[in-house]
Amino acid sequence: MKYTILVYETAHDIGARTDERRQPAYWGAYKAYTEALQKAGVMVGGSGLQPPSVGTTLRQRDGKRQVQDGPYADTKEQLGGYYEIEVPDLDTALDWAARCPAASTGAVEVRPNLVM
Amino acid sequence: MTDGVQRAAELAARASYGRLVAYLARRARDVAAAEDALGDAFVAALAAWPRDGVPDRPEAWLLAAARRRLLDAARHGAVRARAQPALEAMVDEARGPAAAADFPDERLALLFVCAHPAIDEGVRTPLMLQTVLGLDAARIGAAFLVPPATMGQRLVRAKIKIRDAGVRFEIPDRDELGPRLGAVLEAIYAAYGSGWEDVTGADTRPRGLAEEALWLGRLVVRLLPDEPEGLGLLALMLHCEARREARRDAAGAYVALGDQDPIRWSRPMLDEAERALLDAARADRPGRFQLEAAVQSAHARRAVTGRTDWSAITLLYEGLMRIAPTVGAAVAQSAAIAEAAGPADGLAALERVAADAVDRYQPYWAVRAHLLGALRRGDEARQAYARAISLSEDPAVRAYLAGRQQSLRF
């Protein structure tokens, strides 16, 4: 089954991406995690995302385009990236999700992909 | 048919129902599809058996019929394609030497699916009762004070989650077994539904599922004989169940534990409880349910010694609070301290329990009323009794508390 691991990071974690002191640990952890997924042959795809402040939200209403700066909701944890994996069941997916760096500081959500 | 015979027939049907659902669900990776297929098989049996006679091995007949239904459903896309190989394998298994006569018992895996952490805690017990025991939503709803339609929806939603999220139908690994088994045991205990039983008229929830919970408890012990907490839970439920008759007098009035006549406790159940607790102790891995059962065992000793060893019970509660601190344990501990060291100490312990946690917790108010009464603080005791009465679901408990309230003389 294909699952997407949605990586929700705190503002503090997203800040680590550009903080010289914390940068090496942050990127090192994600690099190791991604390599582990690849080595196990379960990684299908995925990407990190730029911070929500760079996001733009759009709604099409009554034929008119409404564009707004930033993400839809202001929550404590923000979507920082996602991994797509292929594993036999939810329990295996959860085991992988538990190893994601954000699991211990932010949160990770595991969603089965919709089969079309 | 006499009640006993009917009961035996029901239990036999129950044993094969859960085994069949577990076996089919694991292969279809879909609980609802397995239940539907088995339901169709039962309907087919009602048509075929009166005509052709009851088959030698009814279970094998039902399994074969349900398996055909599942394969049909898979071909029509109603069961997910990824389950197809497992379903084909099931057909091969059926042709093999073991055949369907003794298909594997996979109820343990099904119990772990029902109590999976990805499943909402509130629906785990109903899910077990339905899939393993075959109870319908109306019966489960009645026991949990939820309308049948609402209970039905919750169960449907949970089964969709199991199928679509791809929950694994396996017994967890050794290092994960402990916490996962804890969830299974919690769910069974919730079906039993007994509150904390003590001397002061703490409410016990109305329940019609005690027998079902005991049945599940015995099943876990049979399937996992080396897990002391399973034995502990069984011992706990048996101790509480042994006192069922003694909890009411001839007129149907509530009798608190301390006033019960031990002659009226069920000897066979107490013996079975003590054996289970002894077996559990051999593993030397104490846990929440073993300690709770030990408390009940200490109460049961009164049948032999004629007295209750409250200091031993206080110690057991201390241990329980260290490994599994709950409001229920804290309140029961306070009641035990009051008996061992006097009502003032008991009340002091009770007042250390967090206020917001006990707002609607009946046992807290029943114990509090009892202790205030013993300390001759009449007005406060009367208020606490009023609160306990308003929180009691059982009319007999309400009547008992009202009687104690009226007997206050200060």
# chains A, B, ... in the order shown; residues from 1 in each chain; ligands from 1

call {"tool": "interface_residues", "arguments": {"of": "chain B", "to": "chain A", "cutoff": "10 Å", "atoms": "only C-alpha atoms", "output": "list in words"}}
result
Arg82, His116, Pro117, Ala118, Ile162, Asp164, Ala165, Gly166, Val167, Arg168, Phe169, Glu170 and Pro172 of chain B

call {"tool": "write_last_selection", "arguments": {"atoms": "N, CA and C atoms", "output": "PDB file, in the first residue's frame"}}
result
ATOM      1  N   ARG B  82      -5.941  -5.913  -3.480  1.00  0.00           N
ATOM      2  CA  ARG B  82      -4.713  -6.406  -2.841  1.00  0.00           C
ATOM      3  C   ARG B  82      -4.991  -7.608  -1.949  1.00  0.00           C
ATOM      4  N   HIS B 116      -6.349  -1.593  18.242  1.00  0.00           N
ATOM      5  CA  HIS B 116      -5.197  -0.934  17.617  1.00  0.00           C
ATOM      6  C   HIS B 116      -5.168   0.541  18.008  1.00  0.00           C
ATOM      7  N   PRO B 117      -3.970   1.081  18.266  1.00  0.00           N
ATOM      8  CA  PRO B 117      -3.922   2.499  18.662  1.00  0.00           C
ATOM      9  C   PRO B 117      -4.503   3.447  17.599  1.00  0.00           C
ATOM     10  N   ALA B 118      -4.563   3.015  16.345  1.00  0.00           N
ATOM     11  CA  ALA B 118      -5.119   3.880  15.301  1.00  0.00           C
ATOM     12  C   ALA B 118      -6.651   3.894  15.342  1.00  0.00           C
ATOM     13  N   ILE B 162     -10.152   0.435   9.484  1.00  0.00           N
ATOM     14  CA  ILE B 162      -9.300  -0.770   9.488  1.00  0.00           C
ATOM     15  C   ILE B 162      -8.960  -1.175   8.051  1.00  0.00           C
ATOM     16  N   ASP B 164      -9.348   0.714   5.074  1.00  0.00           N
ATOM     17  CA  ASP B 164      -8.713   1.714   4.216  1.00  0.00           C
ATOM     18  C   ASP B 164      -7.339   2.140   4.703  1.00  0.00           C
ATOM     19  N   ALA B 165      -7.129   2.141   6.015  1.00  0.00           N
ATOM     20  CA  ALA B 165      -5.808   2.527   6.518  1.00  0.00           C
ATOM     21  C   ALA B 165      -4.836   1.359   6.437  1.00  0.00           C
ATOM     22  N   GLY B 166      -5.351   0.162   6.197  1.00  0.00           N
ATOM     23  CA  GLY B 166      -4.469  -0.996   6.063  1.00  0.00           C
ATOM     24  C   GLY B 166      -3.882  -1.459   7.385  1.00  0.00           C
ATOM     25  N   VAL B 167      -4.719  -1.552   8.429  1.00  0.00           N
ATOM     26  CA  VAL B 167      -4.247  -2.034   9.735  1.00  0.00           C
ATOM     27  C   VAL B 167      -3.800  -3.494   9.598  1.00  0.00           C
ATOM     28  N   ARG B 168      -2.689  -3.808  10.231  1.00  0.00           N
ATOM     29  CA  ARG B 168      -2.096  -5.142  10.097  1.00  0.00           C
ATOM     30  C   ARG B 168      -2.816  -6.175  10.957  1.00  0.00           C
ATOM     31  N   PHE B 169      -3.130  -7.326  10.372  1.00  0.00           N
ATOM     32  CA  PHE B 169      -3.781  -8.418  11.111  1.00  0.00           C
ATOM     33  C   PHE B 169      -2.735  -9.372  11.650  1.00  0.00           C
ATOM     34  N   GLU B 170      -1.950  -8.894  12.601  1.00  0.00           N
ATOM     35  CA  GLU B 170      -0.910  -9.748  13.168  1.00  0.00           C
ATOM     36  C   GLU B 170      -0.860  -9.556  14.668  1.00  0.00           C
ATOM     37  N   PRO B 172       1.257  -8.488  17.652  1.00  0.00           N
ATOM     38  CA  PRO B 172       2.434  -7.619  17.688  1.00  0.00           C
ATOM     39  C   PRO B 172       3.698  -8.359  18.129  1.00  0.00           C
TER      40      PRO B 172
END

call {"tool": "select_by_dssp", "arguments": {"residues": "range 94-157 of chain B", "states": "helix (DSSP H, G or I)", "output": "mmCIF file with N, CA and C atoms, in the first residue's frame"}}
result
data_model
loop_
_atom_site.group_PDB
_atom_site.id
_atom_site.type_symbol
_atom_site.label_atom_id
_atom_site.label_comp_id
_atom_site.auth_asym_id
_atom_site.auth_seq_id
_atom_site.Cartn_x
_atom_site.Cartn_y
_atom_site.Cartn_z
ATOM 1 N N ALA B 94 -7.856 -24.548 1.812
ATOM 2 C CA ALA B 94 -9.045 -25.372 2.002
ATOM 3 C C ALA B 94 -8.897 -26.730 1.321
ATOM 4 N N ARG B 95 -8.077 -26.761 0.251
ATOM 5 C CA ARG B 95 -7.875 -28.033 -0.458
ATOM 6 C C ARG B 95 -6.804 -28.878 0.225
ATOM 7 N N ARG B 107 -8.263 -15.369 16.442
ATOM 8 C CA ARG B 107 -9.010 -14.352 17.181
ATOM 9 C C ARG B 107 -8.095 -13.380 17.918
ATOM 10 N N LEU B 108 -6.910 -13.868 18.318
ATOM 11 C CA LEU B 108 -6.003 -12.975 19.032
ATOM 12 C C LEU B 108 -5.593 -11.809 18.130
ATOM 13 N N ALA B 109 -5.256 -12.126 16.865
ATOM 14 C CA ALA B 109 -4.901 -11.063 15.921
ATOM 15 C C ALA B 109 -6.071 -10.102 15.757
ATOM 16 N N LEU B 110 -7.290 -10.642 15.712
ATOM 17 C CA LEU B 110 -8.465 -9.787 15.563
ATOM 18 C C LEU B 110 -8.653 -8.883 16.788
ATOM 19 N N LEU B 111 -8.391 -9.421 17.979
ATOM 20 C CA LEU B 111 -8.479 -8.598 19.199
ATOM 21 C C LEU B 111 -7.488 -7.440 19.127
ATOM 22 N N PHE B 112 -6.278 -7.739 18.632
ATOM 23 C CA PHE B 112 -5.276 -6.677 18.530
ATOM 24 C C PHE B 112 -5.658 -5.639 17.474
ATOM 25 N N VAL B 113 -6.333 -6.067 16.419
ATOM 26 C CA VAL B 113 -6.813 -5.105 15.416
ATOM 27 C C VAL B 113 -7.863 -4.192 16.053
ATOM 28 N N CYS B 114 -8.797 -4.790 16.801
ATOM 29 C CA CYS B 114 -9.873 -4.003 17.426
ATOM 30 C C CYS B 114 -9.319 -2.968 18.405
ATOM 31 N N GLU B 121 -10.385 5.087 20.829
ATOM 32 C CA GLU B 121 -10.461 4.310 22.058
ATOM 33 C C GLU B 121 -11.900 3.940 22.421
ATOM 34 N N GLY B 122 -12.819 4.869 22.176
ATOM 35 C CA GLY B 122 -14.203 4.657 22.585
ATOM 36 C C GLY B 122 -14.918 3.550 21.810
ATOM 37 N N VAL B 123 -14.372 3.162 20.668
ATOM 38 C CA VAL B 123 -15.073 2.174 19.852
ATOM 39 C C VAL B 123 -14.387 0.801 19.920
ATOM 40 N N ARG B 124 -13.255 0.734 20.630
ATOM 41 C CA ARG B 124 -12.504 -0.538 20.665
ATOM 42 C C ARG B 124 -13.308 -1.657 21.317
ATOM 43 N N THR B 125 -13.916 -1.347 22.461
ATOM 44 C CA THR B 125 -14.698 -2.378 23.151
ATOM 45 C C THR B 125 -15.894 -2.817 22.308
ATOM 46 N N PRO B 126 -16.717 -1.860 21.802
ATOM 47 C CA PRO B 126 -17.832 -2.279 20.936
ATOM 48 C C PRO B 126 -17.378 -3.114 19.735
ATOM 49 N N LEU B 127 -16.237 -2.742 19.170
ATOM 50 C CA LEU B 127 -15.721 -3.451 18.004
ATOM 51 C C LEU B 127 -15.388 -4.906 18.348
ATOM 52 N N MET B 128 -14.774 -5.104 19.495
ATOM 53 C CA MET B 128 -14.460 -6.461 19.958
ATOM 54 C C MET B 128 -15.718 -7.266 20.174
ATOM 55 N N LEU B 129 -16.686 -6.636 20.835
ATOM 56 C CA LEU B 129 -17.925 -7.348 21.153
ATOM 57 C C LEU B 129 -18.630 -7.768 19.876
ATOM 58 N N GLN B 130 -18.542 -6.932 18.843
ATOM 59 C CA GLN B 130 -19.222 -7.258 17.611
ATOM 60 C C GLN B 130 -18.460 -8.282 16.783
ATOM 61 N N THR B 131 -17.163 -8.065 16.589
ATOM 62 C CA THR B 131 -16.445 -8.932 15.658
ATOM 63 C C THR B 131 -16.079 -10.268 16.282
ATOM 64 N N ALA B 137 -25.359 -4.148 17.122
ATOM 65 C CA ALA B 137 -25.150 -2.766 17.564
ATOM 66 C C ALA B 137 -26.177 -2.352 18.615
ATOM 67 N N ALA B 138 -27.407 -2.892 18.522
ATOM 68 C CA ALA B 138 -28.454 -2.511 19.472
ATOM 69 C C ALA B 138 -28.088 -2.980 20.883
ATOM 70 N N ARG B 139 -27.632 -4.218 20.975
ATOM 71 C CA ARG B 139 -27.259 -4.779 22.275
ATOM 72 C C ARG B 139 -26.062 -4.030 22.862
ATOM 73 N N ILE B 140 -25.072 -3.744 22.008
ATOM 74 C CA ILE B 140 -23.882 -3.037 22.483
ATOM 75 C C ILE B 140 -24.259 -1.615 22.885
ATOM 76 N N GLY B 141 -25.079 -0.979 22.040
ATOM 77 C CA GLY B 141 -25.519 0.388 22.324
ATOM 78 C C GLY B 141 -26.230 0.468 23.667
ATOM 79 N N ALA B 142 -27.083 -0.531 23.947
ATOM 80 C CA ALA B 142 -27.832 -0.528 25.200
ATOM 81 C C ALA B 142 -26.879 -0.586 26.395
ATOM 82 N N ALA B 143 -25.819 -1.373 26.268
ATOM 83 C CA ALA B 143 -24.876 -1.511 27.378
ATOM 84 C C ALA B 143 -24.062 -0.239 27.584
ATOM 85 N N PRO B 148 -28.816 2.773 19.219
ATOM 86 C CA PRO B 148 -28.322 1.735 18.309
ATOM 87 C C PRO B 148 -27.781 2.302 16.989
ATOM 88 N N ALA B 149 -28.473 3.297 16.418
ATOM 89 C CA ALA B 149 -28.030 3.845 15.126
ATOM 90 C C ALA B 149 -26.662 4.503 15.261
ATOM 91 N N THR B 150 -26.475 5.225 16.374
ATOM 92 C CA THR B 150 -25.184 5.893 16.606
ATOM 93 C C THR B 150 -24.089 4.853 16.766
ATOM 94 N N MET B 151 -24.384 3.815 17.566
ATOM 95 C CA MET B 151 -23.394 2.760 17.777
ATOM 96 C C MET B 151 -23.072 2.085 16.443
ATOM 97 N N GLY B 152 -24.120 1.842 15.636
ATOM 98 C CA GLY B 152 -23.922 1.227 14.330
ATOM 99 C C GLY B 152 -22.983 2.048 13.468
ATOM 100 N N GLN B 153 -23.200 3.370 13.453
ATOM 101 C CA GLN B 153 -22.344 4.254 12.641
ATOM 102 C C GLN B 153 -20.891 4.204 13.106
ATOM 103 N N ARG B 154 -20.706 4.235 14.426
ATOM 104 C CA ARG B 154 -19.332 4.211 14.952
ATOM 105 C C ARG B 154 -18.619 2.932 14.538
ATOM 106 N N LEU B 155 -19.352 1.826 14.591
ATOM 107 C CA LEU B 155 -18.745 0.540 14.231
ATOM 108 C C LEU B 155 -18.402 0.503 12.748
ATOM 109 N N VAL B 156 -19.311 1.013 11.921
ATOM 110 C CA VAL B 156 -19.051 1.039 10.476
ATOM 111 C C VAL B 156 -17.810 1.877 10.181
ATOM 112 N N ARG B 157 -17.742 3.054 10.823
ATOM 113 C CA ARG B 157 -16.604 3.943 10.600
ATOM 114 C C ARG B 157 -15.290 3.261 10.994
#

call {"tool": "closest_residue", "arguments": {"among": "B:Leu277, B:Val327, B:Ala15, B:Leu375", "to": "Val353 in chain B", "atoms": "only C-alpha atoms"}}
result
B:Val327

call {"tool": "residues_around", "arguments": {"residues": "Ala11 in chain A", "least_positions_apart": "2", "cutoff": "10 Å", "atoms": "only C-alpha atoms", "output": "compact mmCIF listing (two decimals) with C-alpha atoms, in the first residue's frame"}}
result
# COMPACT_ATOMS: atom_id res chain seq x y z
CA TYR A 8 4.34 18.84 10.52
CA GLU A 9 7.07 20.99 11.98
CA ASP A 13 12.18 23.41 13.70
CA ILE A 14 11.57 25.34 10.49
CA GLY A 15 13.83 28.05 11.93
CA ALA A 16 16.61 25.47 12.26
CA PRO A 51 8.11 27.70 4.98
CA PRO A 52 4.40 28.63 5.12
CA THR A 75 -1.65 26.56 13.53
CA LYS A 76 1.21 25.70 15.84
CA GLU A 77 2.61 23.08 13.49
CA GLN A 78 3.00 23.62 9.76
CA GLY A 80 7.07 21.18 6.22
CA GLY A 106 6.31 18.28 15.87

call {"tool": "atom_distance", "arguments": {"atom1": "CA of Thr4 in chain A", "atom2": "CA of Ala158 in chain B"}}
result
20.5 Å

call {"tool": "residues_around", "arguments": {"residues": "Arg285 in chain B", "least_positions_apart": "4", "cutoff": "10 Å", "atoms": "only C-alpha atoms", "output": "ChimeraX atom specification"}}
result
/B:227-229,280-281,290

call {"tool": "residues_around", "arguments": {"residues": "range 50-66 of chain B", "least_positions_apart": "4", "cutoff": "8 Å", "atoms": "only C-alpha atoms", "output": "ChimeraX atom specification"}}
result
/B:16,20,34,37-42,44-46,70,100-101

call {"tool": "residues_around", "arguments": {"residues": "range 35-40 of chain A", "least_positions_apart": "2", "cutoff": "12 Å", "atoms": "only C-alpha atoms", "output": "PyMOL selection string"}}
result
chain A and resi 5+28-33+42-46+83-87+92-93+95-97+99-100

call {"tool": "write_last_selection", "arguments": {"atoms": "N, CA and C atoms", "output": "compact mmCIF listing (two decimals), in the first residue's frame"}}
result
# COMPACT_ATOMS: atom_id res chain seq x y z
N ILE A 5 3.49 10.26 4.30
CA ILE A 5 3.82 10.74 5.64
C ILE A 5 3.88 12.26 5.57
N GLY A 28 21.16 17.09 8.67
CA GLY A 28 21.77 15.76 8.86
C GLY A 28 20.71 14.72 9.19
N ALA A 29 19.77 15.11 10.07
CA ALA A 29 18.73 14.17 10.49
C ALA A 29 17.83 13.80 9.32
N TYR A 30 17.43 14.80 8.53
CA TYR A 30 16.55 14.50 7.39
C TYR A 30 17.26 13.71 6.31
N LYS A 31 18.55 14.01 6.13
CA LYS A 31 19.32 13.27 5.12
C LYS A 31 19.40 11.80 5.53
N ALA A 32 19.68 11.55 6.80
CA ALA A 32 19.81 10.17 7.28
C ALA A 32 18.47 9.44 7.14
N TYR A 33 17.39 10.13 7.49
CA TYR A 33 16.06 9.51 7.43
C TYR A 33 15.70 9.16 5.98
N VAL A 42 11.59 1.50 0.26
CA VAL A 42 10.17 1.82 0.47
C VAL A 42 9.80 3.21 -0.04
N MET A 43 10.82 4.03 -0.36
CA MET A 43 10.53 5.41 -0.73
C MET A 43 10.03 5.51 -2.16
N VAL A 44 8.88 6.15 -2.33
CA VAL A 44 8.31 6.36 -3.65
C VAL A 44 8.58 7.78 -4.12
N GLY A 45 8.49 8.73 -3.23
CA GLY A 45 8.73 10.13 -3.58
C GLY A 45 8.60 11.01 -2.36
N GLY A 46 8.58 12.31 -2.62
CA GLY A 46 8.43 13.23 -1.50
C GLY A 46 9.24 14.48 -1.73
N TYR A 83 6.64 12.60 2.61
CA TYR A 83 7.28 11.43 2.01
C TYR A 83 6.18 10.51 1.51
N GLU A 84 6.39 9.94 0.34
CA GLU A 84 5.48 8.91 -0.13
C GLU A 84 6.22 7.59 -0.02
N ILE A 85 5.59 6.62 0.65
CA ILE A 85 6.26 5.33 0.82
C ILE A 85 5.33 4.20 0.38
N GLU A 86 5.93 3.06 0.08
CA GLU A 86 5.12 1.88 -0.23
C GLU A 86 5.53 0.76 0.72
N VAL A 87 4.58 0.37 1.57
CA VAL A 87 4.82 -0.67 2.59
C VAL A 87 3.58 -1.56 2.68
N THR A 92 3.57 -0.91 9.52
CA THR A 92 4.90 -0.67 8.97
C THR A 92 5.07 0.82 8.67
N ALA A 93 4.02 1.43 8.12
CA ALA A 93 4.07 2.87 7.81
C ALA A 93 4.29 3.68 9.10
N ASP A 95 5.76 2.63 11.81
CA ASP A 95 7.14 2.42 12.26
C ASP A 95 8.09 3.38 11.54
N TRP A 96 7.87 3.56 10.24
CA TRP A 96 8.70 4.51 9.49
C TRP A 96 8.42 5.94 9.94
N ALA A 97 7.18 6.28 10.13
CA ALA A 97 6.81 7.64 10.55
C ALA A 97 7.45 7.98 11.89
N ARG A 99 10.24 7.24 12.92
CA ARG A 99 11.67 7.57 12.79
C ARG A 99 11.90 8.93 12.16
N CYS A 100 10.85 9.56 11.66
CA CYS A 100 10.97 10.89 11.04
C CYS A 100 11.37 11.91 12.11

call {"tool": "residues_around", "arguments": {"residues": "Val304 in chain B", "least_positions_apart": "3", "cutoff": "12 Å", "atoms": "only C-alpha atoms", "output": "PyMOL selection string"}}
result
chain B and resi 261-263+265+267+297-301+307-309

call {"tool": "write_last_selection", "arguments": {"atoms": "C-alpha atoms", "output": "PDB file, in the first residue's frame"}}
result
ATOM      1  CA  ASP B 261     -22.311 -12.141  53.783  1.00  0.00           C
ATOM      2  CA  PRO B 262     -19.331 -14.119  52.413  1.00  0.00           C
ATOM      3  CA  ILE B 263     -21.525 -17.240  52.343  1.00  0.00           C
ATOM      4  CA  TRP B 265     -20.047 -15.205  47.375  1.00  0.00           C
ATOM      5  CA  ARG B 267     -16.982 -20.233  45.776  1.00  0.00           C
ATOM      6  CA  SER B 297      -8.435 -11.097  46.739  1.00  0.00           C
ATOM      7  CA  ALA B 298      -7.644  -9.389  50.061  1.00  0.00           C
ATOM      8  CA  HIS B 299     -11.348  -8.514  50.429  1.00  0.00           C
ATOM      9  CA  ALA B 300     -12.246 -12.120  49.655  1.00  0.00           C
ATOM     10  CA  ARG B 301     -10.009 -13.321  52.512  1.00  0.00           C
ATOM     11  CA  ARG B 307     -11.876  -9.669  59.039  1.00  0.00           C
ATOM     12  CA  THR B 308     -10.542  -7.349  56.348  1.00  0.00           C
ATOM     13  CA  ASP B 309      -6.827  -6.548  56.358  1.00  0.00           C
TER      14      ASP B 309
END

call {"tool": "atom_distance", "arguments": {"atom1": "CA of Leu233 in chain B", "atom2": "CA of Ala293 in chain B"}}
result
7.0 Å

call {"tool": "atom_distance", "arguments": {"atom1": "CA of Ala235 in chain B", "atom2": "CA of Ala312 in chain B"}}
result
18.1 Å

call {"tool": "closest_residue", "arguments": {"among": "B:Ala402, B:Ile160, B:Met269, B:Ala190", "to": "Ala253 in chain B", "atoms": "only C-alpha atoms"}}
result
B:Ala402
